[in-house]
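Participant: my_file.txt is reproduced in full below (compact mmCIF, C-alpha atoms).
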# COMPACT_ATOMS: atom_id res chain seq x y z
CA ALA O 1489 -11.76 -34.25 0.76
CA PRO O 1490 -14.03 -31.20 0.57
CA VAL O 1491 -13.15 -28.46 3.04
CA ALA O 1492 -15.97 -27.60 5.47
CA PRO O 1493 -17.07 -23.97 5.17
CA ALA O 1494 -15.68 -21.72 7.88
CA PRO O 1495 -18.21 -20.82 10.58
CA ALA O 1496 -19.73 -17.35 10.19
CA ARG O 1497 -17.61 -14.85 12.09
CA ALA O 1498 -19.04 -12.33 14.50
CA LYS O 1499 -18.81 -8.80 13.13
CA SER O 1500 -15.85 -7.06 14.72
CA GLN O 1501 -16.51 -4.36 17.30
CA TRP O 1502 -13.46 -2.52 15.94
CA THR O 1503 -14.39 -0.27 13.03
CA ARG O 1504 -13.47 2.98 11.31
CA LYS O 1505 -15.55 4.87 13.89
CA ASN O 1506 -14.19 2.77 16.75
CA PRO O 1507 -10.64 1.60 15.95
CA TYR O 1508 -8.78 -0.72 18.32
CA PRO O 1509 -5.98 1.10 20.21
CA ALA O 1510 -3.18 -1.37 19.48
CA THR O 1511 0.33 -1.20 20.90
CA LEU O 1512 3.06 -1.04 18.28
CA THR O 1513 5.59 -3.59 19.56
CA THR O 1514 8.01 -3.78 16.62
CA ASN O 1515 9.28 -1.14 14.18
CA ARG O 1516 12.20 -2.62 12.25
CA LEU O 1517 14.00 -1.26 9.20
CA LEU O 1518 14.14 -3.91 6.46
CA SER O 1519 16.01 -1.95 3.76
CA GLY O 1520 19.81 -1.95 3.85
CA ASP O 1521 22.20 1.01 4.05
CA GLY O 1522 22.28 2.89 0.77
CA SER O 1523 18.84 1.73 -0.39
CA GLY O 1524 16.74 4.24 -2.31
CA LYS O 1525 13.80 3.12 -0.18
CA GLU O 1526 12.89 2.87 3.47
CA ILE O 1527 10.83 -0.28 3.98
CA ARG O 1528 9.85 -1.16 7.55
CA HIS O 1529 8.33 -4.14 9.34
CA TYR O 1530 5.72 -3.39 12.00
CA GLU O 1531 4.02 -5.62 14.56
CA PHE O 1532 0.94 -4.71 16.62
CA ALA O 1533 -0.16 -6.63 19.71
CA LEU O 1534 -3.75 -7.90 19.55
CA ALA O 1535 -3.94 -9.87 22.81
CA GLY O 1536 -7.38 -9.59 24.37
CA SER O 1537 -8.69 -7.34 21.57
CA GLY O 1538 -10.88 -9.96 19.90
CA LEU O 1539 -9.65 -8.49 16.61
CA GLU O 1540 -9.45 -11.25 13.99
CA TYR O 1541 -7.93 -11.39 10.53
CA GLU O 1542 -6.90 -13.85 7.85
CA ALA O 1543 -3.88 -13.89 5.53
CA GLY O 1544 -4.83 -11.64 2.61
CA ASP O 1545 -6.84 -9.11 4.62
CA ALA O 1546 -5.94 -5.42 4.94
CA LEU O 1547 -5.17 -3.56 8.14
CA ASN O 1548 -6.43 0.01 8.35
CA VAL O 1549 -4.29 2.43 10.34
CA VAL O 1550 -5.62 5.73 11.69
CA PRO O 1551 -2.74 8.21 11.42
CA VAL O 1552 -1.95 11.30 13.46
CA ASN O 1553 -0.64 14.31 11.55
CA ASP O 1554 2.84 15.74 11.98
CA THR O 1555 2.74 18.49 14.64
CA ALA O 1556 5.56 20.35 12.87
CA LEU O 1557 3.39 20.58 9.74
CA VAL O 1558 0.40 21.66 11.85
CA GLN O 1559 2.52 24.49 13.31
CA ALA O 1560 3.79 25.50 9.86
CA LEU O 1561 0.19 25.82 8.62
CA LEU O 1562 -0.84 27.86 11.67
CA ASP O 1563 2.19 30.13 11.16
CA ARG O 1564 1.49 30.53 7.44
CA LEU O 1565 -2.12 31.62 8.10
CA CYS O 1566 -1.23 33.58 11.28
CA LEU O 1567 -3.79 31.55 13.24
CA ASP O 1568 -3.80 30.66 16.94
CA GLY O 1569 -3.82 26.89 17.49
CA GLY O 1570 -5.51 27.31 20.86
CA VAL O 1571 -8.69 28.76 19.37
CA VAL O 1572 -11.80 26.57 19.18
CA PRO O 1573 -13.36 27.32 15.74
CA ASP O 1574 -17.12 27.98 15.71
CA GLY O 1575 -19.10 24.80 15.31
CA HIS O 1576 -16.26 22.59 16.60
CA ASP O 1577 -15.54 20.94 19.94
CA ASP O 1578 -11.75 21.09 20.00
CA THR O 1579 -8.87 23.49 19.45
CA LEU O 1580 -7.72 24.30 15.94
CA ALA O 1581 -4.34 22.63 16.63
CA ASN O 1582 -6.02 19.39 17.75
CA LEU O 1583 -8.44 19.43 14.81
CA LEU O 1584 -5.50 19.77 12.40
CA THR O 1585 -3.56 17.05 14.23
CA TYR O 1586 -6.26 14.39 14.61
CA ARG O 1587 -9.30 15.16 12.45
CA PHE O 1588 -8.39 16.64 9.08
CA GLU O 1589 -6.19 15.89 6.06
CA ILE O 1590 -3.50 18.57 6.06
CA THR O 1591 -1.35 17.39 3.14
CA ALA O 1592 -3.47 16.70 0.03
CA PRO O 1593 -5.52 19.81 -0.84
CA SER O 1594 -9.25 19.48 -1.56
CA VAL O 1595 -10.70 21.00 -4.73
CA ASP O 1596 -12.67 23.37 -2.46
CA LEU O 1597 -9.44 24.66 -0.93
CA LEU O 1598 -7.79 25.07 -4.34
CA GLU O 1599 -10.76 27.00 -5.69
CA GLU O 1600 -10.95 29.26 -2.64
CA VAL O 1601 -7.20 30.01 -2.77
CA GLU O 1602 -7.44 30.72 -6.49
CA LYS O 1603 -10.37 33.10 -5.87
CA ARG O 1604 -8.42 34.98 -3.19
CA THR O 1605 -4.96 35.06 -4.78
CA GLY O 1606 -5.75 35.16 -8.49
CA ASN O 1607 -2.58 33.10 -8.94
CA ASP O 1608 -2.12 32.69 -12.71
CA GLU O 1609 -0.84 29.10 -12.66
CA LEU O 1610 -3.58 27.90 -10.34
CA THR O 1611 -6.23 29.80 -12.31
CA TYR O 1612 -5.01 28.14 -15.51
CA VAL O 1613 -5.10 24.53 -14.22
CA LEU O 1614 -8.46 24.98 -12.47
CA ARG O 1615 -10.31 26.90 -15.18
CA HIS O 1616 -9.37 24.61 -18.06
CA GLY O 1617 -11.03 21.61 -16.45
CA ASP O 1618 -8.00 19.53 -17.46
CA LYS O 1619 -7.62 16.88 -14.77
CA ALA O 1620 -4.23 15.73 -16.09
CA ALA O 1621 -2.86 19.29 -15.95
CA LEU O 1622 -4.22 19.76 -12.42
CA ASP O 1623 -2.74 16.42 -11.28
CA GLU O 1624 0.61 17.40 -12.77
CA TRP O 1625 0.52 20.80 -11.05
CA LEU O 1626 -0.37 19.14 -7.72
CA TRP O 1627 2.41 16.52 -8.04
CA GLY O 1628 4.75 17.03 -5.07
CA ARG O 1629 2.69 19.95 -3.75
CA ASP O 1630 0.76 19.91 -0.50
CA ILE O 1631 -1.57 22.29 1.34
CA LEU O 1632 1.32 24.32 2.75
CA ASP O 1633 2.63 24.87 -0.79
CA VAL O 1634 -0.81 25.99 -1.95
CA LEU O 1635 -1.06 28.40 0.98
CA SER O 1636 2.41 29.71 0.11
CA LEU O 1637 1.30 31.06 -3.26
CA GLU O 1638 1.63 34.81 -3.65
CA PRO O 1639 -0.21 36.81 -2.53
CA THR O 1640 -0.72 34.74 0.65
CA PRO O 1641 -4.43 34.01 1.10
CA GLU O 1642 -6.05 35.07 4.36
CA LEU O 1643 -8.37 32.50 5.90
CA SER O 1644 -10.05 32.42 9.30
CA ALA O 1645 -9.86 29.27 11.44
CA GLU O 1646 -13.47 28.40 10.52
CA GLU O 1647 -12.89 29.01 6.81
CA PHE O 1648 -9.70 26.94 6.76
CA VAL O 1649 -11.16 23.92 8.56
CA GLY O 1650 -14.27 24.14 6.36
CA LEU O 1651 -12.08 23.63 3.27
CA LEU O 1652 -10.35 20.49 4.55
CA LYS O 1653 -11.25 16.83 4.08
CA PRO O 1654 -11.63 14.52 7.10
CA LEU O 1655 -8.45 12.61 8.00
CA GLN O 1656 -8.79 9.14 6.46
CA HIS O 1657 -7.38 5.82 7.64
CA ARG O 1658 -4.81 4.17 5.38
CA ALA O 1659 -5.14 0.51 4.32
CA TYR O 1660 -2.12 -1.81 4.12
CA SER O 1661 -1.89 -5.46 3.08
CA ILE O 1662 -1.33 -7.60 6.17
CA SER O 1663 2.00 -9.46 6.00
CA SER O 1664 1.33 -12.23 8.51
CA SER O 1665 -0.92 -15.24 9.08
CA PRO O 1666 -2.75 -15.35 12.41
CA ASN O 1667 -1.67 -19.00 12.59
CA ALA O 1668 1.96 -17.91 12.76
CA ALA O 1669 1.95 -14.40 14.25
CA ASP O 1670 0.93 -15.44 17.76
CA GLY O 1671 -1.49 -12.71 18.85
CA SER O 1672 -0.10 -10.00 16.62
CA VAL O 1673 -0.60 -8.55 13.15
CA HIS O 1674 2.27 -7.51 10.87
CA LEU O 1675 2.66 -4.85 8.17
CA THR O 1676 5.38 -4.14 5.59
CA VAL O 1677 5.33 -0.44 4.73
CA ALA O 1678 7.51 1.86 2.60
CA SER O 1679 8.01 5.23 4.30
CA VAL O 1680 7.19 8.02 1.86
CA ARG O 1681 9.72 10.85 2.03
CA TYR O 1682 10.75 13.24 -0.71
CA GLY O 1683 12.27 16.66 -0.69
CA THR O 1684 11.86 19.78 -2.82
CA ASP O 1685 12.56 23.46 -2.14
CA GLU O 1686 14.35 23.01 1.18
CA ARG O 1687 11.47 21.04 2.68
CA GLU O 1688 11.05 17.33 3.29
CA ARG O 1689 7.58 16.03 2.47
CA ARG O 1690 6.44 12.98 4.39
CA GLY O 1691 3.71 10.41 3.82
CA VAL O 1692 1.01 10.99 6.44
CA CYS O 1693 0.65 7.46 7.75
CA SER O 1694 3.94 5.83 6.75
CA THR O 1695 5.99 8.40 8.68
CA PHE O 1696 3.49 8.45 11.56
CA LEU O 1697 4.35 4.75 11.99
CA ALA O 1698 8.07 5.20 11.33
CA ASP O 1699 8.78 8.35 13.32
CA ARG O 1700 5.97 9.64 15.46
CA CYS O 1701 4.09 6.94 17.35
CA GLY O 1702 7.08 5.48 19.19
CA ASP O 1703 5.87 2.49 21.20
CA GLY O 1704 2.52 4.16 21.77
CA THR O 1705 -0.94 3.10 20.65
CA VAL O 1706 -2.19 3.16 17.10
CA GLY O 1707 -5.86 2.97 16.05
CA ILE O 1708 -6.41 -0.03 13.77
CA PHE O 1709 -9.23 -2.12 12.29
CA VAL O 1710 -9.41 -4.92 9.70
CA SER O 1711 -10.90 -4.90 6.21
CA LYS O 1712 -11.76 -8.38 4.97
CA ASN O 1713 -10.52 -9.33 1.51
CA LYS O 1714 -12.35 -12.60 0.92
CA SER O 1715 -11.27 -12.80 -2.73
CA PHE O 1716 -7.55 -12.64 -1.82
CA ARG O 1717 -6.93 -15.91 0.03
CA VAL O 1718 -4.64 -18.92 -0.18
CA PRO O 1719 -6.36 -21.69 -2.18
CA ALA O 1720 -8.97 -23.61 -0.18
CA ASP O 1721 -7.46 -26.71 -1.80
CA ASP O 1722 -4.17 -27.33 0.04
CA THR O 1723 -2.81 -29.26 -2.95
CA ALA O 1724 -3.31 -26.43 -5.49
CA PRO O 1725 -0.15 -24.71 -6.76
CA MET O 1726 0.29 -21.02 -5.95
CA ILE O 1727 2.16 -18.46 -8.10
CA MET O 1728 2.76 -15.11 -6.36
CA VAL O 1729 4.13 -11.95 -7.98
CA GLY O 1730 4.99 -9.32 -5.37
CA PRO O 1731 7.92 -6.96 -5.92
CA GLY O 1732 8.82 -4.36 -3.27
CA THR O 1733 6.20 -4.05 -0.53
CA GLY O 1734 4.01 -6.29 -2.73
CA ILE O 1735 5.70 -9.14 -0.87
CA ALA O 1736 3.52 -8.36 2.17
CA PRO O 1737 0.51 -10.66 1.72
CA PHE O 1738 2.67 -13.45 0.31
CA ARG O 1739 4.74 -13.60 3.49
CA GLY O 1740 1.38 -14.20 5.21
CA PHE O 1741 0.37 -16.75 2.55
CA LEU O 1742 3.57 -18.76 3.03
CA GLN O 1743 3.14 -18.71 6.81
CA GLU O 1744 -0.46 -19.88 6.31
CA ARG O 1745 0.49 -22.73 3.92
CA ARG O 1746 3.18 -23.89 6.34
CA ALA O 1747 0.79 -23.76 9.32
CA ARG O 1748 -1.81 -25.77 7.39
CA GLY O 1749 0.72 -28.35 6.26
CA ALA O 1750 -0.41 -27.63 2.68
CA THR O 1751 1.30 -29.81 0.09
CA GLY O 1752 0.64 -27.53 -2.92
CA LYS O 1753 3.70 -26.05 -4.64
CA ASN O 1754 4.46 -22.35 -4.00
CA TRP O 1755 6.33 -20.06 -6.40
CA LEU O 1756 7.28 -16.46 -5.58
CA PHE O 1757 8.53 -13.80 -7.98
CA PHE O 1758 10.11 -10.98 -5.97
CA GLY O 1759 12.24 -8.04 -6.96
CA ASP O 1760 13.25 -4.45 -6.33
CA GLN O 1761 16.20 -2.23 -7.19
CA LYS O 1762 19.31 -3.84 -5.64
CA ARG O 1763 19.81 -7.22 -4.02
CA SER O 1764 22.34 -5.88 -1.52
CA THR O 1765 19.94 -3.29 -0.05
CA ASP O 1766 16.39 -4.22 -1.11
CA PHE O 1767 16.03 -7.98 -0.58
CA VAL O 1768 13.56 -7.61 2.31
CA TYR O 1769 12.82 -10.74 4.37
CA GLU O 1770 15.78 -12.51 2.71
CA ASP O 1771 16.39 -14.69 5.80
CA GLU O 1772 12.74 -15.72 6.06
CA LEU O 1773 12.38 -16.47 2.34
CA THR O 1774 15.58 -18.54 2.40
CA GLU O 1775 14.16 -20.44 5.36
CA PHE O 1776 10.90 -21.08 3.46
CA VAL O 1777 12.95 -22.43 0.53
CA ASP O 1778 15.09 -24.63 2.80
CA ALA O 1779 11.97 -25.99 4.52
CA GLY O 1780 10.41 -26.87 1.17
CA VAL O 1781 7.48 -24.48 1.72
CA LEU O 1782 8.67 -22.19 -1.10
CA THR O 1783 9.19 -24.47 -4.09
CA ARG O 1784 10.61 -21.77 -6.34
CA LEU O 1785 11.93 -18.28 -5.67
CA ASP O 1786 12.74 -16.11 -8.70
CA LEU O 1787 14.41 -12.76 -8.05
CA ALA O 1788 14.55 -9.66 -10.23
CA PHE O 1789 16.75 -6.80 -9.05
CA SER O 1790 16.42 -4.16 -11.73
CA ARG O 1791 19.60 -2.18 -11.07
CA ASP O 1792 22.10 -4.98 -10.47
CA GLN O 1793 23.02 -5.22 -14.16
CA ALA O 1794 23.15 -2.98 -17.24
CA GLU O 1795 19.74 -4.04 -18.57
CA LYS O 1796 16.70 -3.66 -16.34
CA ILE O 1797 15.31 -6.99 -15.11
CA TYR O 1798 11.82 -7.03 -13.62
CA VAL O 1799 9.50 -9.73 -12.24
CA GLN O 1800 7.78 -10.01 -15.63
CA THR O 1801 11.21 -10.67 -17.23
CA ARG O 1802 11.62 -13.70 -14.93
CA MET O 1803 8.06 -14.85 -15.66
CA ARG O 1804 8.80 -14.90 -19.41
CA GLU O 1805 12.09 -16.76 -18.84
CA HIS O 1806 10.17 -19.53 -17.06
CA GLY O 1807 7.00 -19.23 -19.13
CA ALA O 1808 6.69 -22.93 -20.00
CA GLU O 1809 6.81 -23.98 -16.36
CA LEU O 1810 4.51 -21.16 -15.27
CA PHE O 1811 1.91 -22.26 -17.83
CA ALA O 1812 2.30 -25.87 -16.67
CA TRP O 1813 1.51 -24.80 -13.08
CA LEU O 1814 -1.63 -23.02 -14.32
CA GLU O 1815 -2.66 -26.16 -16.21
CA GLU O 1816 -2.27 -28.11 -12.95
CA GLY O 1817 -4.91 -25.87 -11.36
CA GLY O 1818 -2.53 -23.19 -10.13
CA HIS O 1819 -3.69 -19.90 -8.58
CA PHE O 1820 -2.01 -16.69 -9.80
CA TYR O 1821 -1.67 -13.64 -7.51
CA ILE O 1822 -0.32 -10.12 -7.98
CA CYS O 1823 0.29 -7.57 -5.25
CA GLY O 1824 1.80 -4.10 -5.56
CA ASP O 1825 1.88 -1.09 -7.86
CA ALA O 1826 -1.27 -0.95 -10.01
CA LEU O 1827 -0.04 1.72 -12.41
CA ARG O 1828 2.90 -0.04 -14.04
CA MET O 1829 3.88 -3.36 -12.51
CA ALA O 1830 0.45 -5.01 -12.41
CA LYS O 1831 -0.22 -4.03 -16.05
CA ASP O 1832 3.18 -5.31 -17.18
CA VAL O 1833 2.70 -8.59 -15.30
CA ASP O 1834 -0.78 -9.01 -16.80
CA THR O 1835 0.61 -8.44 -20.29
CA ALA O 1836 3.36 -11.01 -19.65
CA LEU O 1837 0.79 -13.53 -18.38
CA HIS O 1838 -1.29 -13.18 -21.56
CA GLU O 1839 1.83 -13.62 -23.72
CA ILE O 1840 3.00 -16.68 -21.76
CA VAL O 1841 -0.41 -18.34 -22.08
CA ALA O 1842 -0.51 -17.63 -25.84
CA GLU O 1843 3.05 -18.85 -26.46
CA HIS O 1844 3.13 -21.94 -24.27
CA GLY O 1845 -0.52 -22.86 -24.72
CA GLY O 1846 -0.22 -22.57 -28.49
CA MET O 1847 -3.10 -20.07 -28.55
CA SER O 1848 -4.03 -16.94 -30.47
CA SER O 1849 -4.10 -13.71 -28.43
CA GLU O 1850 -7.92 -13.96 -28.36
CA GLN O 1851 -7.81 -17.52 -26.99
CA ALA O 1852 -5.19 -16.49 -24.42
CA ALA O 1853 -7.41 -13.61 -23.29
CA GLU O 1854 -10.30 -16.06 -22.88
CA TYR O 1855 -8.03 -18.42 -20.87
CA VAL O 1856 -7.03 -15.57 -18.52
CA THR O 1857 -10.66 -14.47 -18.21
CA THR O 1858 -11.54 -18.02 -17.17
CA LEU O 1859 -8.81 -17.92 -14.50
CA LYS O 1860 -10.39 -14.74 -13.15
CA ARG O 1861 -13.89 -16.22 -13.24
CA GLU O 1862 -12.65 -19.28 -11.33
CA LYS O 1863 -11.03 -16.87 -8.84
CA ARG O 1864 -7.63 -18.34 -9.72
CA TYR O 1865 -6.22 -14.98 -10.88
CA VAL O 1866 -6.60 -12.29 -8.22
CA ARG O 1867 -4.90 -8.99 -7.51
CA ASP O 1868 -4.28 -6.77 -4.51
CA VAL O 1869 -3.02 -3.59 -6.18
CA TYR O 1870 -2.74 0.02 -5.12
Could you express the structure from this file as structure tokens?
Facilitator:
Amino acid sequence: APVAPAPARAKSQWTRKNPYPATLTTNRLLSGDGSGKEIRHYEFALAGSGLEYEAGDALNVVPVNDTALVQALLDRLCLDGGVVPDGHDDTLANLLTYRFEITAPSVDLLEEVEKRTGNDELTYVLRHGDKAALDEWLWGRDILDVLSLEPTPELSAEEFVGLLKPLQHRAYSISSSPNAADGSVHLTVASVRYGTDERERRGVCSTFLADRCGDGTVGIFVSKNKSFRVPADDTAPMIMVGPGTGIAPFRGFLQERRARGATGKNWLFFGDQKRSTDFVYEDELTEFVDAGVLTRLDLAFSRDQAEKIYVQTRMREHGAELFAWLEEGGHFYICGDALRMAKDVDTALHEIVAEHGGMSSEQAAEYVTTLKREKRYVRDVY
């Protein structure tokens, strides 16, 4: 039977300019001891907020900067955090904590520092207009590193703030269905931490959630992603490829399919480095399999054997069945790393369609294009 269109939803009062102050109720480590990653599960209470979402949407989180980094910047520039810079309505310390990006340097800041220091390396990457060289030079460097170039640049409070970008919210794929999460919204986030030169660098928002907001409030708002939804047809098969934190929306999709009593088959390809430490949500996925909600679960842990096995390896191994699911009207979803994984998975999909559909590469490309046009091949990549 045709599904009635959903009623038009009222526009949310919670926006980028007016985020909802949600209470963080759960902050749970998902990765095991010895993992090379730190993946965490977060839950925010929404009761009484009127904030609505659907499985597949993104949750935007407004971070607060690390006060230790704020102090390090003030110390580096010999500035007083208690000063209110001209043209501003708050102290320099508060502006750096709540209003401005203090990790990734703006081009304006780089150019000003280069002008004042005449640093040869920085001059070279800026003056040659080579974006790749600049990106490479910036890799692993933040504003404090740039301000640590010799000779140390001198900047007034007004000059410094004028060279910074506004602090932006960060968007994360929601990992729950509102039909299962009972007045809350869930996220699955990898904490970004890496160290060089005696200093640990930390992802602005991921470590704000992990370390710095405790059980306090966090500003959030929803971004709709209408193209990334479970099939409207509850009988349609679903194929989901989501290694690492790419699992997030598919946890929500499976909750949604179960809540709807959908009869369509569901197939998940999941992987990461090691099964013993990186099989996040193992208990829940096993439960979905046992309950018959997850028809197939194919795992790819790249470092558990001599040769690297990835999600696309598993797709190729089961190519005939994967193509059969597509022929039955299946929907194909990818979530995760856009740079490598999503490209490799796309390549594998084209090859599977060509091989098992008995098509030339041109015909396979046309087949995949048709899937996209029918909104049966969609991606949530970052």
Participant: Find the residue from O:Arg1689, O:His1806, O:Arg1861, O:Arg1763 that sits nearest to O:Ser1790; use only C-alpha atoms when measuring.
Facilitator: O:Arg1763
Participant: In terms of the shortest atom-to-atom distance over all atoms listed in the file, which of O:Phe1716, O:Trp1813, O:Phe1767, O:Phe1789 is closest to O:Asp1545?
Facilitator: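 Counting all atoms listed in the file, the residue closest to O:Asp1545 is O:Phe1716.
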Participant: Between O:Glu1638, O:Arg1784, O:Leu1598, O:Trp1627, which is the closest to O:Leu1614 once you count only C-alpha atoms?
Facilitator: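 The shortest atom-to-atom distance to O:Leu1614 comes from O:Leu1598.
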Participant: Got a sec to check which residues sit within 10 Å of (8.5, -16.7, 2.4), counting only C-alpha atoms, and write them as a PyMOL selection string?
Facilitator: chain O and resi 1735-1736+1738-1743+1746+1754-1756+1769-1777+1781-1782+1785
Participant: Hey, can you spit out that residue selection with C-alpha atoms as a PDB file, in the frame of the given file?
Facilitator:
ATOM      1  CA  ILE O1735       5.700  -9.140  -0.870  1.00  0.00           C
ATOM      2  CA  ALA O1736       3.520  -8.360   2.170  1.00  0.00           C
ATOM      3  CA  PHE O1738       2.670 -13.450   0.310  1.00  0.00           C
ATOM      4  CA  ARG O1739       4.740 -13.600   3.490  1.00  0.00           C
ATOM      5  CA  GLY O1740       1.380 -14.200   5.210  1.00  0.00           C
ATOM      6  CA  PHE O1741       0.370 -16.750   2.550  1.00  0.00           C
ATOM      7  CA  LEU O1742       3.570 -18.760   3.030  1.00  0.00           C
ATOM      8  CA  GLN O1743       3.140 -18.710   6.810  1.00  0.00           C
ATOM      9  CA  ARG O1746       3.180 -23.890   6.340  1.00  0.00           C
ATOM     10  CA  ASN O1754       4.460 -22.350  -4.000  1.00  0.00           C
ATOM     11  CA  TRP O1755       6.330 -20.060  -6.400  1.00  0.00           C
ATOM     12  CA  LEU O1756       7.280 -16.460  -5.580  1.00  0.00           C
ATOM     13  CA  TYR O1769      12.820 -10.740   4.370  1.00  0.00           C
ATOM     14  CA  GLU O1770      15.780 -12.510   2.710  1.00  0.00           C
ATOM     15  CA  ASP O1771      16.390 -14.690   5.800  1.00  0.00           C
ATOM     16  CA  GLU O1772      12.740 -15.720   6.060  1.00  0.00           C
ATOM     17  CA  LEU O1773      12.380 -16.470   2.340  1.00  0.00           C
ATOM     18  CA  THR O1774      15.580 -18.540   2.400  1.00  0.00           C
ATOM     19  CA  GLU O1775      14.160 -20.440   5.360  1.00  0.00           C
ATOM     20  CA  PHE O1776      10.900 -21.080   3.460  1.00  0.00           C
ATOM     21  CA  VAL O1777      12.950 -22.430   0.530  1.00  0.00           C
ATOM     22  CA  VAL O1781       7.480 -24.480   1.720  1.00  0.00           C
ATOM     23  CA  LEU O1782       8.670 -22.190  -1.100  1.00  0.00           C
ATOM     24  CA  LEU O1785      11.930 -18.280  -5.670  1.00  0.00           C
TER      25      LEU O1785
END
Participant: Given the choices O:Leu1632, O:Cys1566, O:Leu1561, O:Leu1655, which gets closest to O:Glu1589 if the distance is worked out from only C-alpha atoms?
Facilitator: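 Closest to O:Glu1589 of all the choices is O:Leu1655.
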Participant: For a quick check of understanding, using only C-alpha atoms, which of O:Trp1625, O:Phe1757, O:Tyr1865, O:Phe1532 has the smallest distance to O:Gly1704?
Facilitator: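 The shortest atom-to-atom distance to O:Gly1704 comes from O:Phe1532.
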Participant: Kindly give the distance, in Å, that separates atom CA of O:Glu1624 and atom CA of O:Val1549, rounded to a single decimal.
Facilitator: 28.0 Å
Participant: Using only C-alpha atoms, determine which residues lie at most 8 Å from stretch 1834-1836 of chain O, disregarding the query and same-chain residues fewer than 5 positions distant; provide the list as a list of chain:residue names.
Facilitator: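 With the cut-off at 8 Å, the set is O:Gln1800, O:Met1803, O:Arg1804.
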Participant: Quick one, how far is atom CA of O:Glu1531 from atom CA of O:Gly1732?
Facilitator: 18.5 Å
Participant: Name all residues at most 10 Å from stretch 1575-1582 of chain O (count all atoms listed in the file; drop same-chain ones fewer than 2 positions away) and give them as a PyMOL selection string.
Facilitator: chain O and resi 1553+1555+1558-1559+1561-1562+1567-1573+1584-1588+1645-1646+1648-1649
Participant: Set the distance at 8 Å and use all atoms listed in the file: which residues neighbour O:Ser1661 once local chain neighbours fewer than 5 positions away are removed? I'd like the list as a short mmCIF file (atom, residue, chain, number, x, y, z; two decimals) with C-alpha atoms, in the frame of the given file.
Facilitator:
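Ended up saving to part_26.cif:
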data_model
loop_
_atom_site.label_atom_id
_atom_site.label_comp_id
_atom_site.auth_asym_id
_atom_site.auth_seq_id
_atom_site.Cartn_x
_atom_site.Cartn_y
_atom_site.Cartn_z
CA GLY O 1544 -4.83 -11.64 2.61
CA ASP O 1545 -6.84 -9.11 4.62
CA ALA O 1546 -5.94 -5.42 4.94
CA LEU O 1547 -5.17 -3.56 8.14
CA LEU O 1675 2.66 -4.85 8.17
CA THR O 1676 5.38 -4.14 5.59
CA ALA O 1736 3.52 -8.36 2.17
CA PRO O 1737 0.51 -10.66 1.72
#
Participant: When distances are computed from all atoms listed in the file, which of O:Val1550, O:Val1841, O:Val1710, O:Ala1750 shows the smallest separation from O:Val1692?
Facilitator: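 Answer, going by the shortest atom-to-atom distance: O:Val1550.
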Participant: Hey, can you check how far atom CA of O:Gly1780 sits from atom CA of O:Gly1749?
Facilitator: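 These two atoms are separated by 11.0 Å.
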Participant: Find the residues near O:Lys1863: any atom within 8 Å, counting all atoms listed in the file, skip ones fewer than 4 places away on the same chain, and give them as a ChimeraX atom specification.
Facilitator: /O:1715,1819,1859
Participant: Keeping C-alpha atoms for every residue in the selection just given, could you write it to a file as a compact mmCIF listing (two decimals), in the coordinates of the input?
Facilitator:
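Below is the file again31.txt, written as the result:
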# COMPACT_ATOMS: atom_id res chain seq x y z
CA SER O 1715 -11.27 -12.80 -2.73
CA HIS O 1819 -3.69 -19.90 -8.58
CA LEU O 1859 -8.81 -17.92 -14.50
Participant: For O:Tyr1821, please output as a count of residues only all residues within 7 Å (counting all atoms listed in the file; exclusion window: fewer than 5 positions along the same chain).
Facilitator: 6
